[in-house]
There are 2 protein chains.
Amino acid sequence: MNPNLKAALDPRSIAVIGASENPNKIGGRPLLYLSRFGFKGEVYPINPKRSEVQGLRTVPRLADLAHAPDLVIIAVPGEAAVAALEECGEAGVKIAVMMTSGFGESDPENGKQQERAMAERARARGMRIVGPNSQGLANFGTGAIASFSSMFLEVEPKDGPIGIVSQSGAMSVVPYGLLRGRGIGVRHSHATGNDADVTVCELAAAVAEDPALKLLLLYLESIPDPHHLAEAAAVARDRNLPIIALKAGRTAAGQAAAKSHTGALANEDRVVDAFLEQHGIWRAQDTADLVEAAELYLKGWRPAGRRLVAISNSGATCVMAADAASTAGMSVPRLADETQARLRAILPGFASAVNPVDITAALLTNSALFSQILPVIAEDPAADAFLVGIPVAGAAYDVEAFARDTAAFAAVTGKPIVVVAPQALVAGPFKREGLPVFEGEAGAVRALHQFVAHRELMARAAKRMPSPRGGGEVRGAGPSGTRLLNEADSLAFLAEAGIPVVPHRLCRTEEEAVAALGTVDSPVAVKGCSADVSHKSELGLVHLGLRAEAEIRTAFAACRESLERHGSGFDGVIVARMAKGRREMLIGAHRDPFFGPVVVVGDGGRYVEALPDIRLLLPPFGEEEVREAIGRLRIAPVLAGVRGEPAFDLGTLCRAAVALGRLMSETGSAVETVDVNPFLIGTEPGDSMALDAVVVT
Amino acid sequence: MNPNLKAALDPRSIAVIGASENPNKIGGRPLLYLSRFGFKGEVYPINPKRSEVQGLRTVPRLADLAHAPDLVIIAVPGEAAVAALEECGEAGVKIAVMMTSGFGESDPENGKQQERAMAERARARGMRIVGPNSQGLANFGTGAIASFSSMFLEVEPKDGPIGIVSQSGAMSVVPYGLLRGRGIGVRHSHATGNDADVTVCELAAAVAEDPALKLLLLYLESIPDPHHLAEAAAVARDRNLPIIALKAGRTAAGQAAAKSHTGALANEDRVVDAFLEQHGIWRAQDTADLVEAAELYLKGWRPAGRRLVAISNSGATCVMAADAASTAGMSVPRLADETQARLRAILPGFASAVNPVDITAALLTNSALFSQILPVIAEDPAADAFLVGIPVAGAAYDVEAFARDTAAFAAVTGKPIVVVAPQALVAGPFKREGLPVFEGEAGAVRALHQFVAHRELMARAAKRMPSPRGGGEVRGAGPSGTRLLNEADSLAFLAEAGIPVVPHRLCRTEEEAVAALGTVDSPVAVKGCSADVSHKSELGLVHLGLRAEAEIRTAFAACRESLERHGSGFDGVIVARMAKGRREMLIGAHRDPFFGPVVVVGDGGRYVEALPDIRLLLPPFGEEEVREAIGRLRIAPVLAGVRGEPAFDLGTLCRAAVALGRLMSETGSAVETVDVNPFLIGTEPGDSMALDAVVVT
């Protein structure tokens with residue numbers, strides 16, 4: 001690990017510039033925490049006005065220390081903070097944690113520029129900066145709590161297998177508080193603030209190296225440096241460490257708020273989705289998503305599939321569990337006939353032994369039913385995971401035994417299990433047995449599904465990127481000064497890249513167009529060609545199904561006339577074969593300013609903007625991944641063949657998308673955007689081809 | 001109110017057949033509850049084997065009582081329960097609460113038949129039955145707790161403004177437990193079980209008459225009697241009482257489980273959606289949905305719109321609140337310039353005063369900021385609702401003052417407000433001030449949105465059904481023995497109903513078809529006509545764009561040949577004008593076995609089954625409602641006009657849907673299903689018409 005980041009996570013010595021006697025001041029809190037939570041290294045309060053704070057001797061200035069501390073907290077305001085940073089750089093400090101606010105988040109122009117200047121000066125001296133506007137870093141493995149969060153006063157820390165890395169101060173500790181409330185220990189709780197130098201993703205990559213972690217949670221308001229997040233994901237994949245990321249600023253309103261919070265730059269949200277998925281990172285939609293399933297990740301379970309068996313004393317729990325499973329994409333398989341027969345021998349006649357297993361209210365008069373059925377169900381091969389629901393119990397129920405038996409059952413099967421127990425007196429014993437307990441069926445199934453689906457996602461990412469540390473360098477948008485190719489040049493460009501295009505000829509004169517009628521299979525399409533026009537049909541530049549010379553002449557004249565009337569250049573007409581494909585798809589590519597090349601596949605035609613049905617892919621990817629992406633389009637059933645129609649050839653489309661991805665990723669590629677709409681697909685591979693294209697280089 | 005249902009909700013006297021000394025037995029619990037929770041009426045334990053149970057004198061048989069009790073609990077098993085029911089009927093009991101299991105839920109054939117027979121015998125004697133398989137009824141307004149639920153032992157009851165009516169026993173008390181845990185009182189908690197006689201919806205209609213209620217929660221596994229639910233909704237609308245319904249069995253897996261739970265019949269889930277919406281009932285997706293927003297309903301707030309103003313000391317809360325609002329369909333408007341200026345004068349420079357209002361960590365050193373900004377924000381006209389988020393606080397924060405100030409702010413504005421406070425020490429003071437507190441931003445906004453959107457839904461329903469008690473009688477599917485009309489008869493049928501159809505002629509001979517060419521504008525479409533065929537294009541029965549006599553003859557021959565080859569009747573061909581409309585829509589109607597007539601509008605064409613984009617409407621409805629339904633289709637943006645295209649004429653389509661709804665609802669209507677696909681729409685009203693139709697009478 002980079003020595004600066006090592007100093008951030010595991011410093012041997014910490015100084016506080018602006019050290020305060022008052023533990024409720026920003027410069028006082030860290031001193032309190034360092035003494036309270038057992039930091040073993042040296043602590044140096046720096047304060048020119050007092051000889052002692054919180055029982056520690058101070059020095060007036062950083063330069064007065066004999067040795068430069070590893071980490072310095074800067075807790076003075078405004079210009080004093082900038083001066084303090086300067087002193088840190090001069091002294092040879094490894095990492096400065098700058099808590100001071102009022103930089104890029106309040107002044108996107110000058111503040112951001114000042115941040116860049118500070119980061120540059122620091123780096124030139126071998127120092128790195130966390131912040132500014134950072135709440136600080138907290139490592140409960142070492143007691144290095146360089147943070148002023150109030151949370152650690154209120155909620156007793158406990159070291160544990162979870163790490164939280166966040167831009168926001170609040171979101172570095174809110175999940176901490178929720179997890180601690182569930183009895184779960186948290187080791188890392190770091191807030192990076194404005195990310196002027198060390199970014200949340202860079203720090204996450206360092207935290208991911210901690211071998212004690214079983215789950216890493218991230219809160220991000222922007223991802224300006226996807227390569228760091230890719231690195232964090234690669235480190236995590238190496239160790240089979242799951243990452244859950246809450247990327248806020250999903251909507252325009254959220255992005256505007258993020259800008260004035262941490263000065264965050266807006267990311268294109270669909271690209272964020274594609275990127276996280278590609279790297280095996282589960283995307284949480286809200287805070288609850290970050291923590292609800294956390295317990296399941298800590299059990300060492302290796303889910304084998306999505307088949308759920310539910311067991312309850314309430315029919316309603318059975319119904320709602322089955323609904324929730326289906327909605328989440330989990331199945332509710334029948335138990336084996338033999339299992340059912342054995343269950344029927346135990347349960348009353350009005351109980352259900354199929355799956356869900358409904359013990360019914362008979363459990364009130366016979367608590368033993370529960371312990372009797374679990375071993376039978378444990379032997380059934382149908383389940384990949386279990387839900388046990390006891391929505392109501394109390395006196396006359398042996399809840400302690402239910403919990404014990406469920407824990408034993410979980411140990412025997414080794415399969416993921418969730419418990420639904422809205423009553424505190426039922427939840428208690430199950431929690432004490434170490435089982436994950438939820439208030440409702442939907443929440444329990446959601447958590448279970450997340451855990452299972454996230455493991456699937458991680459497996460796919462690992463398969464796709466077997467050599468994690470490699471991976472293409474992410475390149476943002478190139479220089480401006482772009483050039484739009486006309487249709488003929490665009491099609492030629494695609495053909496060059498190995499993408500099949502419709503047989504056609506560019507004809508600059510009417511006579512050439514008429515002559516082309518003999519060389520391209522009739523009937524033909526005639527389209528006006530101009531680098532100045534991208535939407536041709538609006539301008540009457542598309543003439544279809546022509547056979548006769550006179551029709552060609554008329555179309556040629558109409559195209560020229562229309563382009564001239566609109567003041568657009570006229571590069572001739574394209575005479576193309578009328579293609580045989582049956583459905584218009586689209587493929588395209590562009591460069592995201594943060595994430596680099598993005599390839600789009602989807603339903604094509606006139607309304608791709610109004611009614612988008614697309615999926616995004618980030619190179620590198622293969623045919624299989626394109627096929628999977630297409631399988632998740634709304635129109636997927638039609639592509640697979642409905643109403644007796646044959647399935648479409650998707651291979652050509654998949655290969656074209658892969659070729660586009662490669663084209664965009666090649667070093668030195670000058671392509672900025674590619675828009676192929678329509679890419680016609682048919683039943684036979686020979687019928688699938690690009691009909692039209694716009695390439696910008 | 002019906003006297004039987006009045007006896008169910010407010011009995012003067014209660015007997016228990018199968019009374020038990022053991023309060024943990026089904027026949028013992030109600031006796032314990034009746035004494036513990038202050039029932040003022042007479043209680044008669046009936047037990048032939050003991051002279052006394054739980055300190056009360058028994059009688060051996062119901063017939064031994066001097067007067068028939070209003071309500072009798074039947075807590076004996078199997079055949080004894082059937083015999084007990086018989087005794088109740090003979091004695092003149094008003095309502096029998098049958099807790100016994102093992103009827104329709106375990107034997108869908110004989111069990112259901114036995115239930116029907118019991119209900120018939122009871123009704124003939126003026127008695128009604130709740131159950132069997134019922135956990136019982138509980139009214140904490142009167143102490144009439146005819147229930148064996150364990151919940152009331154574990155969670156202290158408190159009378160309050162909420163009613164719960166459920167088929168499931170567990171779901172009659174799980175929301176009770178969750179609400180009580182939030183300090184909210186619950187008056188009614190009723191479980192109807194198998195609904196052999198009194199259904200959950202019928203009981204709900206009676207409960208809705210309780211003037212003390214401010215919120216009614218329903219748990220349903222099937223709705224075999226929508227007219228009762230419509231009645232409950234009408235009663236509730238009269239009193240502005242909101243109803244939230246959790247209809248489980250949404251999915252095939254859930255429906256299968258529901259069948260073995262309460263013997264529930266499966267409803268078509270999309271029709272359930274349409275029905276609940278029509279009647280102003282909010283549909284909860286899970287248990288959490290039932291209770292999460294409950295507190296908001298009890299405040300007497302009258303939301304005026306969907307504009308949210310968020311206030312927090314955490315930028316992350318601001319970002320996530322803005323994301324959540326946008327996602328839910330609420331807006332985050334800018335505060336007025338004057339408000340912003342006043343806020344800037346109070347807050348530090350790096351805070352945000354736009355909306356969301358980010359106080360920042362500056363609140364740590366100055367708790368007064370909070371109380372200073374609220375009065376300023378209260379005067380801004382931009383907000384319809386507020387979110388106040390304090391994700392982290394503690395020592396040095398004056399949380400008590402924050403809570404007090406927020407409560408005062410809420411009282412001054414009179415607008416809905418939600419508080420986000422994941423820390424218990426922050427949540428506590430806010431809860432004590434009577435404010436609704438949530439753990440996260442997403443949950444808080446979800447609850448707020450539900451409350452606001454539900455009030456909008458109720459207003460729409462009230463406007464649509466100003467005379468609530470009227471409303472068309474719901475009629476299920478008619479007798480079988482249906483007849484499929486051929487296309488010509490179907491089109492004639494539509495035209496008769498006032499729906500515009502394409503100009504056409506039915507031609508039984510080739511010569512008639514040729515002659516038609518002169519009477520219908522050319523080019524024409526020729527379609528084979530047969531009552532035996534509904535998907536014509538698969539059989540090559542559609543020939544478009546014909547102009548010449550020879551083409552007509554060829555098409556006629558091809559249609560006849562194809563129908564004969566497939567063994568289908570040949571009723572001639574339809575020669576129709578080629579219509580000018582630009583987009584194929586569909587309208588249709590069918591009779592739901594439970595909900596009666598259902599009208600469907602949506603995107604038309606070949607893939608309506610594979611890629612459904614439809615909305616359902618239940619008559620009676622008007623043009624405005626069809627227009628609103630169309631506005632929620634996926635293709636709505638295209639219909640409104642995109643890429644410079646003019647908007648489509650939707651008036652003709654809307655009127656046609658209204659006509660279909662009327663047609664289906666007319667007394668004595670013989671129509672079973674209508675399927676108009678395509679209903680072509682164009683820019684001008686004259687271009688919109690039915691091109692094809694299949695009517696089954």
# chains A, B, ... in the order shown; residues from 1 in each chain; ligands from 1
$ interface_residues --of "chain B" --to "chain A" --cutoff "6 Å" --atoms "only C-alpha atoms" --output "ChimeraX atom specification"
/B:24,102,106,150,168,251,253-254,257-258,261,315-316,319,322-323,350,393-394,396
$ residues_around --residues "Val676 (chain B)" --least-positions-apart "5" --cutoff "7 Å" --atoms "only C-alpha atoms" --output "list in words"
Leu586, Ile587, Gly588, Ala690, Asp692, Ala693 and Val694 of chain B
$ residues_around --residues "region 41-53 of chain B" --least-positions-apart "2" --cutoff "12 Å" --atoms "only C-alpha atoms" --output "JSON, numbers by chain"
{"B": [7, 10, 11, 12, 13, 14, 15, 16, 17, 18, 19, 20, 21, 22, 23, 27, 28, 29, 30, 31, 32, 33, 34, 35, 37, 38, 39, 55, 56, 57, 58, 59, 60, 61, 62, 63, 64, 65, 66, 67, 68, 69, 70, 71, 72, 73, 74, 75, 76, 84, 142, 143, 144, 145, 146]}
$ select_by_dssp --residues "region 432-553 of chain A" --states "strand (DSSP E)" --output "PyMOL selection string"
chain A and resi 437-438+504-507+524-528+542-546
$ select_by_dssp --residues "region 254-503 of chain A" --states "alpha helix (DSSP H)" --output "MDAnalysis selection string"
chainID A and resid 254:262 269:278 287:292 294:297 315:328 337:346 362:365 368:378 399:413 424:432 441:464 487:496
$ closest_residue --among "A:Gly300, A:Pro224, A:Gly572, A:Gly78" --to "Gly596 (chain A)" --atoms "only C-alpha atoms"
A:Pro224
$ residues_around --residues "Gly183 (chain A)" --least-positions-apart "2" --cutoff "12 Å" --atoms "only C-alpha atoms" --output "ChimeraX atom specification"
/A:155-160,176-181,185-186,294-295,431-432,434-436
$ atom_distance --atom1 "CA of Asp225 (chain A)" --atom2 "CA of Arg627 (chain A)"
28.7 Å
$ atom_distance --atom1 "CA of Leu546 (chain A)" --atom2 "CA of Ala548 (chain B)"
20.4 Å
$ residues_around --residues "region 663-675 of chain B" --least-positions-apart "3" --cutoff "8 Å" --atoms "only C-alpha atoms" --output "ChimeraX atom specification"
/B:472,477-478,482,497,586-591,597,619-620,659-660,693-697
$ write_last_selection --atoms "N, CA, C and O atoms" --output "CSV table (one decimal), in the first residue's frame"
chain,number,residue,atom,x,y,z
B,472,GLY,N,-72.7,1.6,-10.2
B,472,GLY,CA,-73.2,0.4,-10.9
B,472,GLY,C,-73.0,-0.9,-10.1
B,472,GLY,O,-72.0,-1.0,-9.4
B,477,ALA,N,-68.9,-12.6,-14.6
B,477,ALA,CA,-69.1,-13.2,-15.9
B,477,ALA,C,-70.5,-13.8,-16.1
B,477,ALA,O,-71.0,-14.3,-15.1
B,478,GLY,N,-71.0,-13.6,-17.2
B,478,GLY,CA,-72.3,-14.2,-17.5
B,478,GLY,C,-72.3,-15.7,-17.7
B,478,GLY,O,-71.3,-16.3,-17.5
B,482,THR,N,-70.9,-19.0,-25.2
B,482,THR,CA,-70.7,-17.7,-25.8
B,482,THR,C,-70.6,-17.9,-27.4
B,482,THR,O,-70.4,-19.0,-27.8
B,497,ALA,N,-72.7,0.8,-31.4
B,497,ALA,CA,-72.4,1.4,-30.1
B,497,ALA,C,-71.8,2.8,-30.2
B,497,ALA,O,-71.5,3.4,-29.2
B,586,LEU,N,-54.9,-0.2,-29.0
B,586,LEU,CA,-56.0,-1.2,-28.8
B,586,LEU,C,-56.9,-0.7,-27.8
B,586,LEU,O,-56.6,0.1,-26.9
B,587,ILE,N,-58.2,-1.1,-27.9
B,587,ILE,CA,-59.1,-1.0,-26.8
B,587,ILE,C,-59.8,-2.3,-26.7
B,587,ILE,O,-60.0,-3.1,-27.7
B,588,GLY,N,-60.3,-2.7,-25.6
B,588,GLY,CA,-60.9,-4.0,-25.4
B,588,GLY,C,-61.7,-4.0,-24.1
B,588,GLY,O,-61.6,-3.0,-23.3
B,589,ALA,N,-62.4,-5.0,-23.9
B,589,ALA,CA,-63.2,-5.2,-22.7
B,589,ALA,C,-63.4,-6.6,-22.4
B,589,ALA,O,-63.5,-7.5,-23.3
B,590,HIS,N,-63.5,-7.0,-21.1
B,590,HIS,CA,-63.9,-8.3,-20.8
B,590,HIS,C,-64.6,-8.3,-19.4
B,590,HIS,O,-64.7,-7.2,-18.8
B,591,ARG,N,-65.2,-9.4,-19.0
B,591,ARG,CA,-65.8,-9.4,-17.7
B,591,ARG,C,-64.9,-10.2,-16.7
B,591,ARG,O,-64.7,-11.4,-16.9
B,597,PRO,N,-67.2,-5.8,-15.5
B,597,PRO,CA,-66.7,-5.2,-16.7
B,597,PRO,C,-65.3,-4.5,-16.5
B,597,PRO,O,-65.2,-3.8,-15.5
B,619,PRO,N,-65.7,0.5,-15.4
B,619,PRO,CA,-66.8,1.4,-15.5
B,619,PRO,C,-67.5,1.6,-14.2
B,619,PRO,O,-67.4,0.6,-13.4
B,620,PRO,N,-68.1,2.7,-13.9
B,620,PRO,CA,-68.3,3.8,-14.9
B,620,PRO,C,-67.1,4.7,-14.9
B,620,PRO,O,-66.5,5.0,-13.8
B,659,ALA,N,-67.6,4.4,-24.5
B,659,ALA,CA,-68.7,3.7,-25.1
B,659,ALA,C,-68.6,2.2,-24.8
B,659,ALA,O,-69.6,1.6,-24.5
B,660,LEU,N,-67.4,1.7,-24.9
B,660,LEU,CA,-67.2,0.3,-24.6
B,660,LEU,C,-67.6,0.0,-23.1
B,660,LEU,O,-68.3,-1.0,-22.8
B,693,ALA,N,-62.0,-5.9,-35.3
B,693,ALA,CA,-62.6,-6.2,-34.0
B,693,ALA,C,-63.0,-7.6,-33.8
B,693,ALA,O,-63.3,-8.3,-34.8
B,694,VAL,N,-63.0,-8.1,-32.6
B,694,VAL,CA,-63.5,-9.4,-32.3
B,694,VAL,C,-64.5,-9.3,-31.1
B,694,VAL,O,-64.0,-8.8,-30.1
B,695,VAL,N,-65.7,-9.6,-31.3
B,695,VAL,CA,-66.7,-9.4,-30.2
B,695,VAL,C,-67.2,-10.8,-29.9
B,695,VAL,O,-67.5,-11.6,-30.8
B,696,VAL,N,-67.3,-11.1,-28.6
B,696,VAL,CA,-67.9,-12.4,-28.2
B,696,VAL,C,-69.1,-12.1,-27.4
B,696,VAL,O,-69.0,-11.3,-26.5
B,697,THR,N,-70.2,-12.7,-27.8
B,697,THR,CA,-71.5,-12.4,-27.0
B,697,THR,C,-71.9,-13.7,-26.4
B,697,THR,O,-71.5,-14.8,-26.7
$ residues_around --residues "Ala401 (chain A)" --least-positions-apart "4" --cutoff "10 Å" --atoms "only C-alpha atoms" --output "list in words"
Ser367, Ala368, Phe370, Ser371, Tyr397, Asp405, Thr406, Ala407, Pro429 and Phe430 of chain A
$ write_last_selection --atoms "N, CA, C and O atoms" --output "compact mmCIF listing (two decimals), in the first residue's frame"
# COMPACT_ATOMS: atom_id res chain seq x y z
N SER A 367 -45.98 -26.47 20.66
CA SER A 367 -44.74 -25.81 20.25
C SER A 367 -43.75 -26.79 19.62
O SER A 367 -42.84 -26.40 18.90
N ALA A 368 -43.91 -28.09 19.89
CA ALA A 368 -42.96 -29.08 19.40
C ALA A 368 -43.01 -29.24 17.88
O ALA A 368 -42.05 -29.71 17.26
N PHE A 370 -42.65 -27.20 15.61
CA PHE A 370 -41.58 -26.46 14.96
C PHE A 370 -40.29 -27.27 14.92
O PHE A 370 -39.68 -27.45 13.86
N SER A 371 -39.90 -27.78 16.07
CA SER A 371 -38.64 -28.54 16.13
C SER A 371 -38.75 -29.85 15.35
O SER A 371 -37.75 -30.39 14.89
N TYR A 397 -45.98 -20.20 23.82
CA TYR A 397 -45.08 -20.59 22.73
C TYR A 397 -43.68 -20.73 23.32
O TYR A 397 -43.25 -19.88 24.11
N ASP A 405 -33.70 -24.11 17.77
CA ASP A 405 -33.86 -25.10 16.70
C ASP A 405 -33.54 -24.49 15.34
O ASP A 405 -32.97 -25.15 14.47
N THR A 406 -33.91 -23.24 15.16
CA THR A 406 -33.62 -22.58 13.87
C THR A 406 -32.12 -22.41 13.69
O THR A 406 -31.59 -22.61 12.59
N ALA A 407 -31.43 -22.04 14.76
CA ALA A 407 -29.97 -21.88 14.69
C ALA A 407 -29.31 -23.22 14.35
O ALA A 407 -28.39 -23.29 13.53
N PRO A 429 -34.79 -13.67 21.08
CA PRO A 429 -34.10 -14.96 21.13
C PRO A 429 -33.43 -15.35 19.81
O PRO A 429 -32.34 -15.92 19.81
N PHE A 430 -34.07 -15.02 18.68
CA PHE A 430 -33.47 -15.35 17.38
C PHE A 430 -32.18 -14.54 17.17
O PHE A 430 -31.19 -15.07 16.66
$ closest_residue --among "A:Ala345, A:Cys88, A:Leu691, A:Val130" --to "Leu5 (chain A)" --atoms "only C-alpha atoms"
A:Val130
$ closest_residue --among "B:Ile373, B:Ile359, B:Leu616, B:Ala453" --to "Arg306 (chain B)" --atoms "only C-alpha atoms"
B:Ala453
